[in-house]
Amino acid sequence: MQGKKKLDYQNLRLLKTRRDLPAPTYPGLPVKADEEGGCGVTGFAASVPVTGRHIFAPSIQMHNRGNGKGGGIAAVGLDPDTLGVSQEILDEDYLLQIAFLDEEVRPAVEAQFITPNFRVDHVQRLPRMDDWRELPGLVVQPPEVWRYFVRVKPEVLQYFIQNNRLYEIAWRKVEDEFVAQNCYRLNQAFYASLGEKKAFVLSFGRNLIILKIVGYAEEAALYYQLLDFKAHVWIAHQRYPTRGRVWHPGGAHPFAAMNVALVHNGDFANYYAVAEYLSQRHFYPQFLTDTEVAVLLFDLWHRCYGYPLEYVIEALAPTTERDFDLLPVDKQRIYRQIQAANIHGSPDGPWFFIIARNEPEQQRFELIGITDTSMLRPQVFALSDGEVQIGLVCSEKQAIDATLASLAAEDPRFCPVADLYWNARGGSHTDGGAFIFALEEQNGRRLTCTDKFGRCKTVPWYQKPWEGTVLELTAERWGELGAMIKGLLQDSTGCSFYDWVVKNLVKWPYSRFHEALQVVTRLSREADELKAGAIAALTLLLDWHYDPVDKKRSHLIRLILEALEEICDQTPIIGADHPSRYRLVTWETRGTLTGAHHPEGVLILKATDFPPEGEDCDARFLCRAYELGWKRFLCYGYRGQRFLGCGFGPASDGVRIDAYGSTGDYLASGLDGLEIYVHGNGQDQLGQIMKRGKLVVYGDVGQTFMYGAKGGEVYIMGNAAGRPLINAVGCPRVVINGTALDFLAESFMAGDPLKGGGFVIVNGLEFDERGRVRPQATPYPGSNLFSLASGGALYIRDPYNQVVAEQLNGGELVPLSAADWQLILPYLKENERLFNISLEKDLLTVDGERHPPEQVYRKVQAVKLAVLTKVSDDWD
Amino acid sequence: MKHLRNLAEKAEEALGLGWTPVRTPCRFRNPLSKYRVWRNEAKCIQCGKCVEVCPYGVHSKVGKFIKRPKSYLCLGPACEKNSFYCVANCPTGALRLRLNPVYHTLGDSRWTADLLLATWWMAEFGTLPYMDLEYRIGASGGGFDKLRFIFPPQIPDSKLSHEDISLELSLNQRNDGRPQLTLSVPWYSAGMSFGSISLNAMLSRLKSAVTYNTLMSTGEGGYPEILYPYDHYVVTQVATGLFGVREDTIQRVRMVEFKYAQGAKPGLGGHLLGDKVTEAVAHMRESVPGMALFSPFPFHSVYSVEDHKKHLDWIKEVNPRALVSVKVSTPTDVDMVAVGSFYAGAHVVQLDGSYGGTGAAPDIAKKNIAMPIEYAIPKVHQFLLHEGIRRQITLIASGGIRTAFDVAKAIALGADGVQIGTAELVALECLRCHQCESGRGCVRGIATTDPELTDMMTVDWGANRVRNMYHAWVWQLKEILRRLGLRSIRELVGRTDVLVHLDYYKLPVDDDLRRSG
């Protein structure tokens, strides 16, 4: 990290002042008051202030990650006018938000903790809905929240400084500490120590607010009327507490520390140890949840110890194993010290944090996502650049898409498709498992995205967003283009149209591209053949990578998706008397489902309004349609609906599903015969226990992909996240063109691939911004590959021999034999057909030269491990 | 297919609870016994007096030849006072009666020699043993072994007969539109995988489940085709290794069981050593023969309660008719886990306590990690009551349920029903020798997949043994209910007032059902 500050030892004097804090008395050990696990988390940072309604859509979509018993939102970088204060007060004053569970204690709270200590510049009761019962989701009345803009009275602070001899410490730091302690004492008096809980501090810090509710997160936004409230950074959390009755939102996320709001997905296995570590440093949990100790850790390390962000992340998610060895030596030295000092405070278990914070001295708003070392929780990051910039981090991609769609609907400068989507690799030497979106003041706010080590994530500067121009399709142009495109669409594979577009993309502005799509949309109405051609052609444009030249791929994708949606929307609805073999069914028309009217009938399902799971979900609907004789499905408009392709049962051969949009978890899990094509990224748990059939994903896939799979043919265009193919058996045959985060094919038991067993081909490739295939920095970055595997094999494209035996735990690296090549060749050919990744030009060509396969691919095979075959030898 | 299934069902169901025990003796030449009658062949004059006097059939003869005494039928020293006491009657003093020296080597404190012998007795005859075998409890010095029923001195309802008493257990309390699944007895068979036990053992358990209209869990080792005709009575397990779990297997059954953890080894996952992974087992699990199989801990796709809900939703989507059961071990926050499972949509929460587990579970884990089941049941029962959801979920206890008394005690503590495993293996003549995991496994041909060892037992024999034991259990449960004046096992749920703990109750207490009440 450049410009690294020397650790400020004076800060430690501040820590000493905490010795006088009244330590809470727990009945017994401090144990978690509640179990909670997953939860849905989402957050975004935009270069322009956006209203709270945009946190609404993703929150609703993550309902199934919460249970309506705790939700909350936080916002950073607020608008002074809405708050009724001047910019100066907003920047300089501490913004305290206090929730009064019992309105009667407000005078007492103010008399004890506000008026004696603070100069109050502005007080306000938060506007709210008149009657909480209007929100049907709420079962208890949300607390009254009061907002105070305050500074510590100079004489009070002076006394604090004198008393504790804090002369050499910056005034502001002392003031921060004083405010933090004051909030702690307030909670202690009115929340933690009382049997009855009466009031607690929701948030404290500058230019930052938190609101929480016993309900879903968006209900907080509704109840406290934040829909038109503007801020740069928003985070939200849907909680899933397991206890049935929750009567106040104290335990809901986000949790606050000075200038920080933190939400969390997961839980700690070492809560007690962390709480103990903190209490030795005079930080005491008051709400008894994991998340609270996490924010206290952040506060301790960052504000009190003065660790730069990189070190805080290291303390939270230590770099270990091979990743540690691959760090530069000077980093290793520092990290070793950090780990030695703080490892017992480091949260253990599955967790993923999203942090929104304000760094007032630097005029910086930050949104941070940090994942744990084992990457046990799902996480997706996204970045969009252009006239406005936005960085997003969520527990699932569909929440990102929902946010962007919501933003784009209101402000055309936002694109519903982000430029980049990626996962962080927890505790790694590559990105450190954390990304920071920072908004800095540069004639308005500019967004930068960096990883833990400060390396920037950028998109090409020369690719410009769509400015929104739409050409009118005149009769003349229609005459000109119509006939020509009609000819191209006769090709039912869509290739002719695809080639024509790609060739012309160099000279076309967005408007011409859009015009061509308009023509296609109109033509698709004319005949089934044209519709098939149109869908195929647009699907190719959506799936394959090509050079967008000076345009942004994300914006082209957006236009293609809109065109595809229009084509689908125009399909005759189910039950209609129409010669077309296509039929559309939506949530509203689902009741009219009939058997297939045509042997080649295609059922187009608009999944948008279907619930994501349960008896009425789209996945069950498809199973019913299949029982009625439908075999060919095209599903679009997904918003995270789960289980697509599950439940068709065995012998579902000959069925094909094409899915567009943000498909959900567990897609194709249990697949036994049918084919599913996912035109976009997949989410988590795809292809679990898959037996037979084919799955093609034109993008990345999430966690535990093909866990416990038994077979099937699978092609992935991009990367897999953590733990793909874990515990897979039988004969799965998988091509992953990207790579995996870690733990690929752990406990793989898929027989001998040369005798009908299974294998995985890892190509380690990616596409650059011009649509060209290029190798990733390393074909496999993780420390664990093929661990404890007893069967199957891995074929990895590794022309530079970057994969080392150290990464294997049980397997062995062997050269590729001719038989191996014969085995994988057909799969690579199919891969070429599906993804346009050329066997000759992309896979076997290294540094411009064609190489024989055995110099490009290496095989990892199982060795007989003593641990797997040893018999207990008690009798010997 | 469906049609066939229905036929099989009807045929088997016809038997129902009307099963009449079929005497199914020990497979081995000399059954083990508590007492042993020795005949001194040098003194014996083959007069046949003993055959004449003994009403229990200890002595028998073929032609003129007097067979070796069947000691396991003998009353023991209690017989001394009888006129037909063979030792006293023998004119030459050739007979002696002693405690069988093998008796001391049998069993352990949970499964005492008495309990093993009594269970074998039930499996052979379907009745309670008439000699002084303790058939209710073990000698662990705690838990169920220190709990006793207090029966009212007068039977509250003298007209109540066994026919009036219902042992039915309905598994779907959610009212969520999924089918009801009512078992005729308050227990079903716990998951033991093909691989950990033989196919014959599996089928024996399953066939008795069919007879008694209850269920058997496949465990995590696939769904052998031979079980297909009995789909209706099978619970298939989705465990962390996902071995043999396919959409097909999930769609076959009426209930799917998620195994999150096993009480005998929480946090450890499953483990099948290389030697037991024979060709057949490897085929079923689609793995490599001879290579040990690990089920990871936990589910790689489930790290939180909301993942857990998603996981359940998935199985419910795949089989819209199935109920889902969640098997968890008993950590200190087991109550939270149960509530979480309820909100995730489970119909059944199964608490697996720390006493269960075959010999393959590591000793360090067994009984040392999880909470004993008799603590977990009331904890969860009370918590669910307090949350107001107790009536919407079925609570099943497992892990060390050995006897009908354990069943009744678990229910009185707050469970709706139980799962049993080891007790059935004991009915199949398991010796509790703890060698399940070594080499090819079991000397008794139960926990093995070695073809030669497997053939030591036939399915018919095994099924009859388990049915006989079930028969004895049904009688005992009904008798317990009758003595308490309860008409249904449902009325016993949570009735801790009918139990006493010997540490806190100093008066003499006797709940032996063989004594008239």
# chains A, B, ... in the order shown; residues from 1 in each chain; ligands from 1
call {"tool": "residues_around", "arguments": {"residues": "segment 460-467 of chain B", "least_positions_apart": "4", "cutoff": "8 Å", "atoms": "only C-alpha atoms", "output": "list in words"}}
result
Trp19, Pro21, Val22, Thr24, Ala123, Glu124, Gly126, Asn200, Ala201, Leu203, Ser204, Arg205, Leu206, Lys207, Ser208, Thr211, Tyr212, Glu424, Ala427, Leu428 and His471 of chain B
call {"tool": "write_last_selection", "arguments": {"atoms": "N, CA and C atoms", "output": "PDB file, in the first residue's frame"}}
result
ATOM      1  N   TRP B  19     -50.132 -59.052  13.153  1.00  0.00           N
ATOM      2  CA  TRP B  19     -49.027 -59.998  13.030  1.00  0.00           C
ATOM      3  C   TRP B  19     -49.016 -60.952  14.221  1.00  0.00           C
ATOM      4  N   PRO B  21     -46.829 -63.627  16.091  1.00  0.00           N
ATOM      5  CA  PRO B  21     -45.412 -63.990  16.109  1.00  0.00           C
ATOM      6  C   PRO B  21     -45.168 -65.408  15.596  1.00  0.00           C
ATOM      7  N   VAL B  22     -44.104 -65.523  14.825  1.00  0.00           N
ATOM      8  CA  VAL B  22     -43.692 -66.820  14.305  1.00  0.00           C
ATOM      9  C   VAL B  22     -42.381 -67.134  14.995  1.00  0.00           C
ATOM     10  N   THR B  24     -38.935 -67.797  15.665  1.00  0.00           N
ATOM     11  CA  THR B  24     -37.806 -67.687  14.745  1.00  0.00           C
ATOM     12  C   THR B  24     -36.522 -67.840  15.538  1.00  0.00           C
ATOM     13  N   ALA B 123     -37.319 -61.331  19.809  1.00  0.00           N
ATOM     14  CA  ALA B 123     -37.207 -61.559  18.377  1.00  0.00           C
ATOM     15  C   ALA B 123     -37.525 -63.003  18.026  1.00  0.00           C
ATOM     16  N   GLU B 124     -37.302 -63.891  18.986  1.00  0.00           N
ATOM     17  CA  GLU B 124     -37.612 -65.287  18.697  1.00  0.00           C
ATOM     18  C   GLU B 124     -39.086 -65.602  18.926  1.00  0.00           C
ATOM     19  N   GLY B 126     -41.579 -63.122  20.265  1.00  0.00           N
ATOM     20  CA  GLY B 126     -42.549 -62.031  20.219  1.00  0.00           C
ATOM     21  C   GLY B 126     -43.197 -61.764  21.556  1.00  0.00           C
ATOM     22  N   ASN B 200     -29.592 -57.989   2.975  1.00  0.00           N
ATOM     23  CA  ASN B 200     -30.533 -58.844   3.695  1.00  0.00           C
ATOM     24  C   ASN B 200     -31.009 -58.173   4.985  1.00  0.00           C
ATOM     25  N   ALA B 201     -30.072 -57.545   5.658  1.00  0.00           N
ATOM     26  CA  ALA B 201     -30.447 -56.865   6.895  1.00  0.00           C
ATOM     27  C   ALA B 201     -31.403 -55.723   6.568  1.00  0.00           C
ATOM     28  N   LEU B 203     -33.419 -55.431   3.989  1.00  0.00           N
ATOM     29  CA  LEU B 203     -34.730 -55.943   3.591  1.00  0.00           C
ATOM     30  C   LEU B 203     -35.510 -56.482   4.780  1.00  0.00           C
ATOM     31  N   SER B 204     -34.804 -57.088   5.719  1.00  0.00           N
ATOM     32  CA  SER B 204     -35.481 -57.596   6.911  1.00  0.00           C
ATOM     33  C   SER B 204     -36.158 -56.458   7.651  1.00  0.00           C
ATOM     34  N   ARG B 205     -35.436 -55.372   7.791  1.00  0.00           N
ATOM     35  CA  ARG B 205     -35.990 -54.220   8.494  1.00  0.00           C
ATOM     36  C   ARG B 205     -37.164 -53.658   7.707  1.00  0.00           C
ATOM     37  N   LEU B 206     -36.952 -53.547   6.388  1.00  0.00           N
ATOM     38  CA  LEU B 206     -37.990 -52.938   5.567  1.00  0.00           C
ATOM     39  C   LEU B 206     -39.268 -53.763   5.580  1.00  0.00           C
ATOM     40  N   LYS B 207     -39.126 -55.072   5.464  1.00  0.00           N
ATOM     41  CA  LYS B 207     -40.321 -55.907   5.411  1.00  0.00           C
ATOM     42  C   LYS B 207     -41.107 -55.830   6.717  1.00  0.00           C
ATOM     43  N   SER B 208     -40.376 -55.719   7.819  1.00  0.00           N
ATOM     44  CA  SER B 208     -41.142 -55.584   9.065  1.00  0.00           C
ATOM     45  C   SER B 208     -41.787 -54.211   9.140  1.00  0.00           C
ATOM     46  N   THR B 211     -44.977 -54.569   7.354  1.00  0.00           N
ATOM     47  CA  THR B 211     -45.974 -55.284   8.154  1.00  0.00           C
ATOM     48  C   THR B 211     -46.595 -54.366   9.200  1.00  0.00           C
ATOM     49  N   TYR B 212     -45.781 -53.548   9.781  1.00  0.00           N
ATOM     50  CA  TYR B 212     -46.274 -52.686  10.858  1.00  0.00           C
ATOM     51  C   TYR B 212     -46.646 -51.303  10.373  1.00  0.00           C
ATOM     52  N   GLU B 424     -32.944 -53.128  16.222  1.00  0.00           N
ATOM     53  CA  GLU B 424     -33.286 -54.072  15.155  1.00  0.00           C
ATOM     54  C   GLU B 424     -32.104 -54.968  14.805  1.00  0.00           C
ATOM     55  N   ALA B 427     -32.025 -57.567  17.249  1.00  0.00           N
ATOM     56  CA  ALA B 427     -33.013 -58.596  16.928  1.00  0.00           C
ATOM     57  C   ALA B 427     -32.453 -59.565  15.881  1.00  0.00           C
ATOM     58  N   LEU B 428     -31.580 -59.062  15.037  1.00  0.00           N
ATOM     59  CA  LEU B 428     -30.953 -59.912  14.025  1.00  0.00           C
ATOM     60  C   LEU B 428     -29.712 -60.610  14.586  1.00  0.00           C
ATOM     61  N   HIS B 471     -43.671 -56.871  17.648  1.00  0.00           N
ATOM     62  CA  HIS B 471     -44.879 -57.370  18.296  1.00  0.00           C
ATOM     63  C   HIS B 471     -44.775 -57.213  19.808  1.00  0.00           C
TER      64      HIS B 471
END
call {"tool": "interface_residues", "arguments": {"of": "chain B", "to": "chain A", "cutoff": "7 Å", "atoms": "only C-alpha atoms", "output": "JSON, numbers by chain"}}
result
{"B": [241, 242, 243, 245, 246, 247, 248, 273, 274, 286, 287, 288, 290, 291, 292, 300, 301, 303, 304, 305, 306, 307, 313, 314, 317, 318, 319, 336, 339, 340, 387, 438, 439]}
call {"tool": "closest_residue", "arguments": {"among": "A:Tyr271, A:Phe365, A:Phe287, A:Tyr626", "to": "Val48 of chain A", "atoms": "only C-alpha atoms"}}
result
A:Phe365
call {"tool": "select_by_dssp", "arguments": {"residues": "segment 151-231 of chain B", "states": "strand (DSSP E)", "output": "list in words"}}
result
Leu169, Ser170, Thr182, Leu183, Trp187, Tyr188, Ser189, Met216 and Ser217 of chain B
call {"tool": "residues_around", "arguments": {"residues": "segment 59-73 of chain B", "least_positions_apart": "2", "cutoff": "8 Å", "atoms": "only C-alpha atoms", "output": "PyMOL selection string"}}
result
chain B and resi 30-39+46+48+50-51+54+56-57+75
call {"tool": "write_last_selection", "arguments": {"atoms": "N, CA and C atoms", "output": "compact mmCIF listing (two decimals), in the first residue's frame"}}
result
# COMPACT_ATOMS: atom_id res chain seq x y z
N ASN B 30 -25.83 -73.24 19.17
CA ASN B 30 -26.00 -73.09 20.61
C ASN B 30 -26.30 -71.65 20.96
N PRO B 31 -27.56 -71.33 21.11
CA PRO B 31 -27.89 -69.94 21.42
C PRO B 31 -27.28 -69.53 22.75
N LEU B 32 -26.91 -68.26 22.82
CA LEU B 32 -26.35 -67.76 24.07
C LEU B 32 -27.45 -67.67 25.12
N SER B 33 -27.06 -67.80 26.37
CA SER B 33 -28.07 -67.78 27.42
C SER B 33 -27.48 -67.19 28.68
N LYS B 34 -28.35 -66.84 29.60
CA LYS B 34 -27.88 -66.28 30.86
C LYS B 34 -27.42 -67.43 31.79
N TYR B 35 -28.23 -68.46 31.82
CA TYR B 35 -27.88 -69.60 32.66
C TYR B 35 -27.51 -70.76 31.77
N ARG B 36 -26.80 -71.67 32.36
CA ARG B 36 -26.46 -72.80 31.55
C ARG B 36 -26.72 -74.10 32.32
N VAL B 37 -27.35 -75.04 31.65
CA VAL B 37 -27.60 -76.34 32.26
C VAL B 37 -26.56 -77.29 31.69
N TRP B 38 -25.76 -77.87 32.60
CA TRP B 38 -24.77 -78.84 32.14
C TRP B 38 -25.27 -80.26 32.42
N ARG B 39 -25.02 -81.11 31.51
CA ARG B 39 -25.33 -82.51 31.77
C ARG B 39 -24.02 -83.29 31.76
N GLN B 46 -29.65 -91.56 30.59
CA GLN B 46 -30.61 -91.42 29.51
C GLN B 46 -32.02 -91.86 29.92
N GLY B 48 -34.54 -89.94 30.75
CA GLY B 48 -35.58 -89.10 30.16
C GLY B 48 -36.44 -88.40 31.19
N CYS B 50 -35.72 -85.76 32.97
CA CYS B 50 -35.65 -84.30 32.79
C CYS B 50 -36.57 -83.84 31.67
N VAL B 51 -36.62 -84.62 30.59
CA VAL B 51 -37.49 -84.26 29.47
C VAL B 51 -38.94 -84.26 29.93
N CYS B 54 -39.48 -80.99 32.73
CA CYS B 54 -39.29 -79.58 32.37
C CYS B 54 -40.39 -79.10 31.44
N TYR B 56 -40.58 -76.19 30.15
CA TYR B 56 -40.09 -75.13 29.27
C TYR B 56 -39.32 -75.64 28.07
N GLY B 57 -39.20 -76.93 27.98
CA GLY B 57 -38.57 -77.49 26.80
C GLY B 57 -37.06 -77.38 26.77
N LEU B 75 -35.40 -71.30 33.20
CA LEU B 75 -35.80 -70.26 34.15
C LEU B 75 -34.65 -69.81 35.03
call {"tool": "residues_around", "arguments": {"residues": "Phe437 of chain A", "least_positions_apart": "6", "cutoff": "12 Å", "atoms": "only C-alpha atoms", "output": "PyMOL selection string"}}
result
chain A and resi 43-47+232-233+354-358+364-370+381-384+389-393+445-452+454-458
call {"tool": "write_last_selection", "arguments": {"atoms": "N, CA and C atoms", "output": "tab-separated table (two decimals), in the first residue's frame"}}
result
chain	number	residue	atom	x	y	z
A	43	GLY	N	-25.52	-4.26	-1.38
A	43	GLY	CA	-25.04	-2.91	-1.19
A	43	GLY	C	-24.58	-2.33	-2.50
A	44	PHE	N	-24.68	-1.03	-2.63
A	44	PHE	CA	-24.11	-0.41	-3.82
A	44	PHE	C	-23.64	1.00	-3.51
A	45	ALA	N	-22.70	1.45	-4.33
A	45	ALA	CA	-22.18	2.80	-4.20
A	45	ALA	C	-22.24	3.43	-5.58
A	46	ALA	N	-22.88	4.58	-5.67
A	46	ALA	CA	-23.05	5.23	-6.97
A	46	ALA	C	-22.41	6.60	-6.95
A	47	SER	N	-21.92	7.02	-8.10
A	47	SER	CA	-21.24	8.30	-8.15
A	47	SER	C	-22.22	9.47	-8.06
A	232	HIS	N	-25.36	8.28	-1.50
A	232	HIS	CA	-24.41	7.69	-2.45
A	232	HIS	C	-24.27	6.18	-2.25
A	233	VAL	N	-24.23	5.80	-0.99
A	233	VAL	CA	-23.98	4.39	-0.69
A	233	VAL	C	-25.17	3.84	0.09
A	354	ILE	N	-20.51	-6.83	4.32
A	354	ILE	CA	-20.57	-5.63	3.48
A	354	ILE	C	-20.54	-4.45	4.43
A	355	ILE	N	-19.63	-3.55	4.15
A	355	ILE	CA	-19.43	-2.42	5.04
A	355	ILE	C	-19.64	-1.13	4.25
A	356	ALA	N	-20.43	-0.24	4.81
A	356	ALA	CA	-20.53	1.11	4.23
A	356	ALA	C	-19.92	2.03	5.24
A	357	ARG	N	-19.05	2.92	4.79
A	357	ARG	CA	-18.46	3.80	5.78
A	357	ARG	C	-18.07	5.13	5.19
A	358	ASN	N	-17.84	6.04	6.08
A	358	ASN	CA	-17.46	7.37	5.67
A	358	ASN	C	-16.09	7.63	6.25
A	364	ARG	N	-14.27	10.71	1.77
A	364	ARG	CA	-14.38	9.47	1.01
A	364	ARG	C	-15.53	8.64	1.56
A	365	PHE	N	-16.38	8.18	0.67
A	365	PHE	CA	-17.38	7.20	1.08
A	365	PHE	C	-16.95	5.85	0.53
A	366	GLU	N	-17.09	4.84	1.33
A	366	GLU	CA	-16.62	3.54	0.86
A	366	GLU	C	-17.68	2.46	1.02
A	367	LEU	N	-17.67	1.54	0.08
A	367	LEU	CA	-18.47	0.32	0.18
A	367	LEU	C	-17.48	-0.83	0.07
A	368	ILE	N	-17.47	-1.70	1.07
A	368	ILE	CA	-16.46	-2.76	1.10
A	368	ILE	C	-17.15	-4.11	1.21
A	369	GLY	N	-16.68	-5.05	0.44
A	369	GLY	CA	-17.16	-6.43	0.58
A	369	GLY	C	-15.98	-7.31	0.95
A	370	ILE	N	-16.11	-8.07	2.02
A	370	ILE	CA	-15.01	-8.95	2.45
A	370	ILE	C	-15.54	-10.36	2.62
A	381	PHE	N	-19.56	-9.44	-6.94
A	381	PHE	CA	-19.27	-8.02	-7.08
A	381	PHE	C	-19.60	-7.60	-8.51
A	382	ALA	N	-19.93	-6.34	-8.70
A	382	ALA	CA	-20.16	-5.85	-10.05
A	382	ALA	C	-19.75	-4.40	-10.13
A	383	LEU	N	-19.37	-4.01	-11.33
A	383	LEU	CA	-18.93	-2.63	-11.54
A	383	LEU	C	-19.46	-2.16	-12.87
A	384	SER	N	-19.94	-0.94	-12.88
A	384	SER	CA	-20.40	-0.34	-14.12
A	384	SER	C	-19.83	1.07	-14.21
A	389	GLN	N	-21.24	6.10	-12.41
A	389	GLN	CA	-20.57	4.85	-12.08
A	389	GLN	C	-21.27	4.21	-10.89
A	390	ILE	N	-21.24	2.91	-10.88
A	390	ILE	CA	-21.84	2.22	-9.75
A	390	ILE	C	-21.06	0.94	-9.46
A	391	GLY	N	-20.85	0.71	-8.20
A	391	GLY	CA	-20.22	-0.54	-7.77
A	391	GLY	C	-21.21	-1.27	-6.88
A	392	LEU	N	-21.34	-2.58	-7.07
A	392	LEU	CA	-22.32	-3.32	-6.29
A	392	LEU	C	-21.70	-4.57	-5.69
A	393	VAL	N	-22.24	-4.94	-4.56
A	393	VAL	CA	-21.83	-6.20	-3.96
A	393	VAL	C	-23.05	-6.82	-3.28
A	445	ARG	N	-18.56	13.23	-7.47
A	445	ARG	CA	-17.92	12.03	-6.93
A	445	ARG	C	-17.44	11.12	-8.05
A	446	ARG	N	-16.24	10.56	-7.86
A	446	ARG	CA	-15.74	9.55	-8.80
A	446	ARG	C	-15.59	8.24	-8.03
A	447	LEU	N	-15.97	7.16	-8.71
A	447	LEU	CA	-15.90	5.86	-8.08
A	447	LEU	C	-14.65	5.12	-8.52
A	448	THR	N	-13.92	4.59	-7.56
A	448	THR	CA	-12.82	3.69	-7.93
A	448	THR	C	-13.05	2.36	-7.22
A	449	CYS	N	-12.58	1.32	-7.87
A	449	CYS	CA	-12.71	0.01	-7.25
A	449	CYS	C	-11.33	-0.59	-7.12
A	450	THR	N	-10.97	-0.97	-5.91
A	450	THR	CA	-9.66	-1.59	-5.69
A	450	THR	C	-9.84	-2.86	-4.89
A	451	ASP	N	-8.87	-3.76	-5.02
A	451	ASP	CA	-8.92	-4.95	-4.18
A	451	ASP	C	-8.17	-4.66	-2.88
A	452	LYS	N	-8.01	-5.68	-2.08
A	452	LYS	CA	-7.35	-5.51	-0.79
A	452	LYS	C	-5.98	-4.86	-0.92
A	454	GLY	N	-4.96	-2.83	-3.14
A	454	GLY	CA	-4.95	-1.52	-3.78
A	454	GLY	C	-4.89	-1.56	-5.29
A	455	ARG	N	-4.98	-2.75	-5.86
A	455	ARG	CA	-4.97	-2.83	-7.32
A	455	ARG	C	-6.34	-2.47	-7.85
A	456	CYS	N	-6.36	-1.67	-8.91
A	456	CYS	CA	-7.63	-1.17	-9.42
A	456	CYS	C	-8.31	-2.17	-10.32
A	457	LYS	N	-9.61	-2.17	-10.24
A	457	LYS	CA	-10.43	-2.93	-11.17
A	457	LYS	C	-11.03	-1.88	-12.11
A	458	THR	N	-10.73	-2.02	-13.38
A	458	THR	CA	-11.20	-0.97	-14.28
A	458	THR	C	-11.87	-1.58	-15.50
call {"tool": "residues_around", "arguments": {"residues": "segment 293-299 of chain A", "least_positions_apart": "4", "cutoff": "7 Å", "atoms": "only C-alpha atoms", "output": "ChimeraX atom specification"}}
result
/A:255-257,262,275,283,285,289,303-304,312
